[in-house]
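Colleague: I am attaching a structure below and will ask some questions about it afterwards.
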Amino acid sequence: MRRGLISWSPEEMPVSTLESRVSRLQQAMREQGLGAVLLHTSFAHPAAVHWLTNFTPYWSEALLVVLPKGTPVLLAALTQRVHPWIREVSHLGDVITAPGLGVSAQSYLDEHAAPGARVGVVGLEALPWSTAQPLMNSGWGPKLTDISELFGQLRQPADMTELRLAARAERMAEVTLKASPMNAGTTNAWASVLEAKARLDGAEELLQRIAPDLDLSPTLQRLEGDFPLGEKSAVELSLAYKGAWVRLTQMVCSGPQPASWLAAQSWFERGWRSMRAPHADLSQAGVPPGRMVSWTVQSCVGAEPLQVVAADAGFAPCALPAQALVLLTVQLQLTDGPWYASQMLLLGTGDNESRRLKDVAGL
Amino acid sequence: MSHLLRDQRCARVRHAMAQVGLDVLVMVGDAWRSDYLRFVVDVTPMEGVAVVALSLNNPTCVWVQHPAEAARWQQALPSAVVICTADPAAAVLAHLAQVPANAVGLAPSQVAPLSLAAGALGKTLAACTAMLDDLMVNKSLEEADALARSVRLADEGYAVFKQAARVGRREFELVADVEAWFRSQGCPENFMILGSGGPELRSMHPAGERRLAPGDLVTTELTPCADGYYTQICRTLVMGEPSQAQRDAFAVYLQALEAGIAVVRPGATHGDVAKAQNDVFRQHGLGDYVTSQYTRVRGHGLGLFVDGPHVLEGVPLVLEENMTLVVHPNTYHPVAGYIVLGDTVRVTATGCEVLTTTPRELFSVPL
């Protein structure tokens, strides 16, 4: 629930980029006959609204209303006193105080949307009931339609603005991991250094999961309390920079890197290179040098910054376009213990391999 | 201690479920609203949505959206059935269709999704949420003790903040220092906003890139958590020596805080606590500044969520022993600017115990 630096740099996030994104959505709205689109945002699910406006709520929740023309309007459950801050960090039309988001959305649609128009909602099924109920019970209820798939098709591939921000976030995460103390001893000592480094460099957010002793447990834990670090441990950093989220995983060994880790890394690189749009998976990766525990492909296609779009189990594959920005995460069980890896990628297609984000020219 | 509290809280929930005839309670949470899940099963979601079905007669079932989350939840709840799935809501509905249950409830209203609440489960939302709210507001002795332990983090964290505040440093650098310190203490979570500037400042906000300057009022509220329980401290400092205007303004806030705390006792209401603070401002001709135009709340409950029941005039919530709240007359002052001052208190049998130990001063930081 914490937030570091939240700001808007028009150099890094030009108004023209935001307006272009909104225009693409409005074009799609016209093609689909939608009179309005609603996007919910909260601390936990900020990505869709952020993509269109640069706004991330540090607190509470809000609803963005996109009409076929004009700059989107934010209905904000945050108090009016913070409206100047909202305007400072985002590109919006109106900002309207809306303690009851659903009721306010209904009123706004009554006033501004074409009567009887269909209203698209990104993530309709996931909309909090406190917001959804007034809308469902209003005349707009039958007009609400889920447009998650449509939005996902607009969302990826990421544009250059987003790629630059993600690349910067990735560099920040790499530098943060390099700052890991050699002999931290405990998770508190380790996590503290990582936190300081990332946030002093301007990270908006840093979430850490650490497996302190891989000989005892492979589980990446949320850090609550202090745990001694074993000979082998793993850290997963999820870092946000100006709304762009990346995730890096690092294996740490007090001694020389085990040969098994090097073999796993080689397989992993072959694996991510082999991934192809539209269905990113590891089917062409070959046999891993150990048991596959899990793999996931995550991408920003909706309200979650890193949404699982493919996995080894439990998920129907989601079609992604070539050059989609994705995160591949893998957990293997090697003969000498667990092993994790992750990589930010641009998805390949046909004869073109997937590429690491950091290898993309111009970023 | 956290597992002992979990077992105690879960037992209270099961008892409450049995009393109202619920076989299964379905709860939803995410990184924003994790408190209900934390209360019942003592696990905080980190990404995606988590849905928990707590059954009186069958193992607890959990649905999450990422394998790493599944592994983490399974480790925390070894006897639970933990499933990773793209759609936890659909999964729990399918589960409920197969598991005979006389009565199923759903909570909380704030985060339960349309897909779960639009059907029959939605009719139970208000009552089940209220049931859990009541359990969470009325803390056990052990819960209040846990919260009291986390107050140390808030006090010491503020000392770190004061040390970090130097002319020329950017707001986000202060946050970096404080967050790093919290991680060094094993504190996983802190809600923190701040403000820096002069009389033009009307509120706090997330850290920006502004550099602290001489004469700035620098406000912050730190809300760290330990064992899941959040406490809060609100303090104001001045870069350099406070001006007389700043001192005079601060004196009103101090008087208001003391007046609010003096009212805290079993039987008083949140509204009484707010009115006591607001009346001080009115007495000083600052009645306009206790309205919603300038202030959100005059405090709020504290527990497994950072923002419990609001302390506002008219809020009828009656204080009972072991409830915990922050009292804070934070608002805009027309001469000095935005000032904050707030202490965490615990309701006792006869009054309250002030848990915050940081002096109630308008601190001065050397230039």
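Order determines the names: the first chain of the structure tokens is A, the second B, and so forth; residues in each chain are numbered 1 upward, and ligands are numbered 1 upward as they are shown.
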Check which residues of chain A sit at most 7 Å from chain B using only C-alpha atoms, and return one row each with the closest pair of atoms and their distance in Å to one decimal, ordered by chain and rising number, as a tab-separated table.

Modeller:
residue	atom	partner	partner_atom	distance
A:Met1	CA	B:Phe191	CA	5.4
A:Arg2	CA	B:Phe191	CA	4.6
A:Arg3	CA	B:Pro206	CA	6.4
A:Gly4	CA	B:Ala207	CA	5.9
A:Leu5	CA	B:Ala207	CA	5.0
A:Ile6	CA	B:Gly208	CA	5.9
A:Ser7	CA	B:Gly208	CA	6.0
A:Phe43	CA	B:Trp32	CA	5.6
A:Ala44	CA	B:Trp32	CA	5.2
A:Tyr58	CA	B:Pro206	CA	6.9
A:Thr79	CA	B:Arg296	CA	6.9
A:Arg81	CA	B:Ser203	CA	6.4
A:Val82	CA	B:Ser203	CA	6.7
A:Glu125	CA	B:Ser115	CA	4.9
A:Ala126	CA	B:Pro113	CA	4.7
A:Leu127	CA	B:Pro113	CA	5.3
A:Pro128	CA	B:Pro113	CA	4.4
A:Trp129	CA	B:Leu114	CA	4.9
A:Ser130	CA	B:Gln110	CA	5.9
A:Ala132	CA	B:Leu114	CA	6.4
A:Asn188	CA	B:Ser184	CA	4.4
A:Ala189	CA	B:Ser184	CA	5.6
A:Ala191	CA	B:Arg183	CA	5.9
A:Ser192	CA	B:Ala180	CA	4.5
A:Val193	CA	B:Ala180	CA	6.7
A:Glu195	CA	B:Ala180	CA	5.2
A:Ala196	CA	B:Ala180	CA	5.0
A:Arg199	CA	B:Ala176	CA	5.0
A:Leu200	CA	B:Glu173	CA	5.5
A:Thr219	CA	B:Arg72	CA	6.0
A:Leu220	CA	B:Arg72	CA	6.6
A:Gln221	CA	B:Arg72	CA	6.1
A:Leu223	CA	B:Pro188	CA	5.6
A:Glu224	CA	B:Gly186	CA	5.3
A:Gly225	CA	B:Gly186	CA	4.1
A:Asp226	CA	B:Gly186	CA	5.4
A:Ser294	CA	B:Pro67	CA	6.8
A:Val308	CA	B:His66	CA	6.9
A:Gly314	CA	B:Thr85	CA	4.7
A:Phe315	CA	B:Ala86	CA	5.3

Colleague: Can you write just those residues out, C-alpha atoms, as an mmCIF file, in the first residue's frame?

Modeller:
data_model
loop_
_atom_site.group_PDB
_atom_site.id
_atom_site.type_symbol
_atom_site.label_atom_id
_atom_site.label_comp_id
_atom_site.auth_asym_id
_atom_site.auth_seq_id
_atom_site.Cartn_x
_atom_site.Cartn_y
_atom_site.Cartn_z
ATOM 1 C CA MET A 1 0.000 0.000 0.000
ATOM 2 C CA ARG A 2 3.005 2.198 -0.229
ATOM 3 C CA ARG A 3 3.985 4.306 -3.148
ATOM 4 C CA GLY A 4 7.278 5.914 -3.923
ATOM 5 C CA LEU A 5 7.802 8.577 -6.525
ATOM 6 C CA ILE A 6 4.669 9.235 -8.518
ATOM 7 C CA SER A 7 5.159 11.930 -11.087
ATOM 8 C CA PHE A 43 -4.083 0.537 -6.037
ATOM 9 C CA ALA A 44 -4.191 -3.146 -6.967
ATOM 10 C CA TYR A 58 -2.136 5.883 -4.359
ATOM 11 C CA THR A 79 -11.293 13.908 -1.907
ATOM 12 C CA ARG A 81 -8.315 18.407 -1.957
ATOM 13 C CA VAL A 82 -6.132 16.024 -3.921
ATOM 14 C CA GLU A 125 -16.933 -9.259 -14.313
ATOM 15 C CA ALA A 126 -14.199 -8.080 -11.957
ATOM 16 C CA LEU A 127 -15.779 -4.686 -11.273
ATOM 17 C CA PRO A 128 -16.280 -4.271 -7.525
ATOM 18 C CA TRP A 129 -19.927 -4.814 -6.754
ATOM 19 C CA SER A 130 -20.099 -1.582 -4.788
ATOM 20 C CA ALA A 132 -21.229 -2.240 -10.375
ATOM 21 C CA ASN A 188 15.977 -7.685 6.556
ATOM 22 C CA ALA A 189 19.499 -6.611 5.749
ATOM 23 C CA ALA A 191 15.666 -6.186 1.561
ATOM 24 C CA SER A 192 16.613 -2.896 3.162
ATOM 25 C CA VAL A 193 19.494 -2.332 0.754
ATOM 26 C CA GLU A 195 14.579 -0.928 -1.119
ATOM 27 C CA ALA A 196 16.890 2.020 -0.572
ATOM 28 C CA ARG A 199 13.629 4.106 -4.350
ATOM 29 C CA LEU A 200 16.552 6.503 -4.299
ATOM 30 C CA THR A 219 8.802 -20.579 -1.689
ATOM 31 C CA LEU A 220 9.248 -16.923 -2.543
ATOM 32 C CA GLN A 221 7.887 -15.195 0.541
ATOM 33 C CA LEU A 223 8.814 -10.433 3.851
ATOM 34 C CA GLU A 224 7.271 -10.220 7.254
ATOM 35 C CA GLY A 225 9.867 -10.619 9.960
ATOM 36 C CA ASP A 226 13.513 -11.517 9.568
ATOM 37 C CA SER A 294 5.730 -23.772 -13.142
ATOM 38 C CA VAL A 308 -0.894 -14.008 -16.227
ATOM 39 C CA GLY A 314 -4.933 -23.416 -14.945
ATOM 40 C CA PHE A 315 -4.918 -20.802 -17.702
#

Colleague: Name all residues at most 12 Å from Leu346 in chain A (count only C-alpha atoms; drop same-chain ones fewer than 5 positions away) and give them as a PyMOL selection string.

Modeller: chain A and resi 156-160+163+166-167+272-277+280+297-299+320-328+352-361

Colleague: Please list as number ranges by chain every residue within 8 Å of Thr124 in chain B, counting only C-alpha atoms and excluding residues in the same chain fewer than 5 positions away.

Modeller: B: 104-107

Colleague: Include C-alpha atoms and write out the residues we just selected as a tab-separated table (two decimals), in the first residue's frame.

Modeller:
chain	number	residue	atom	x	y	z
B	104	VAL	CA	-23.12	-19.53	1.81
B	105	GLY	CA	-22.13	-15.96	2.46
B	106	LEU	CA	-19.93	-13.49	0.59
B	107	ALA	CA	-17.75	-10.62	1.78

Colleague: So which one's closest to Glu156 in chain B, B:Gln232, B:Asn102, B:Glu142, B:Ser79? Using only C-alpha atoms, please.

Modeller: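 Ranked by minimum distance to Glu156 in chain B, first place goes to B:Gln232.
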
Colleague: Name all residues at most 7 Å from Glu304 in chain A (count only C-alpha atoms; drop same-chain ones fewer than 3 positions away) and give them as number ranges by chain.

Modeller: A: 45-47, 300, 307

Colleague: Let me make sure I understand: among A:Arg247, A:Gln343, A:Ala303, A:Ala311, which one has the smallest atom-to-atom distance to Gly271 in chain A if we use only C-alpha atoms?

Modeller: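 Counting only C-alpha atoms, the residue closest to Gly271 in chain A is A:Gln343.
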
Colleague: Need to verify the contact set: Leu154 in chain A, 10 Å, only C-alpha atoms, exclusion of same-chain residues closer than 3 positions in sequence. Can you return it as a ChimeraX atom specification?

Modeller: /A:21,24-25,28,148-151,157-158,301-302

Colleague: Which residues are close to Ser16 in chain A, i.e. within 12 Å by only C-alpha atoms, leaving aside same-chain residues fewer than 4 positions away? Reply as a count of residues only.

Modeller: 12

Colleague: Go through range 301-357 of chain B residue by residue and, counting only C-alpha atoms, keep those with an atom at most 8 Å from range 236-243 of chain B; for each kept residue give the shortest atom pair and its distance in Å to one decimal, ordered by chain and increasing number, as a Markdown table.

Modeller:
| residue | atom | partner | partner_atom | distance |
| --- | --- | --- | --- | --- |
| B:Ile339 | CA | B:Thr236 | CA | 6.2 |
| B:Val340 | CA | B:Thr236 | CA | 5.7 |
| B:Leu341 | CA | B:Thr236 | CA | 6.7 |
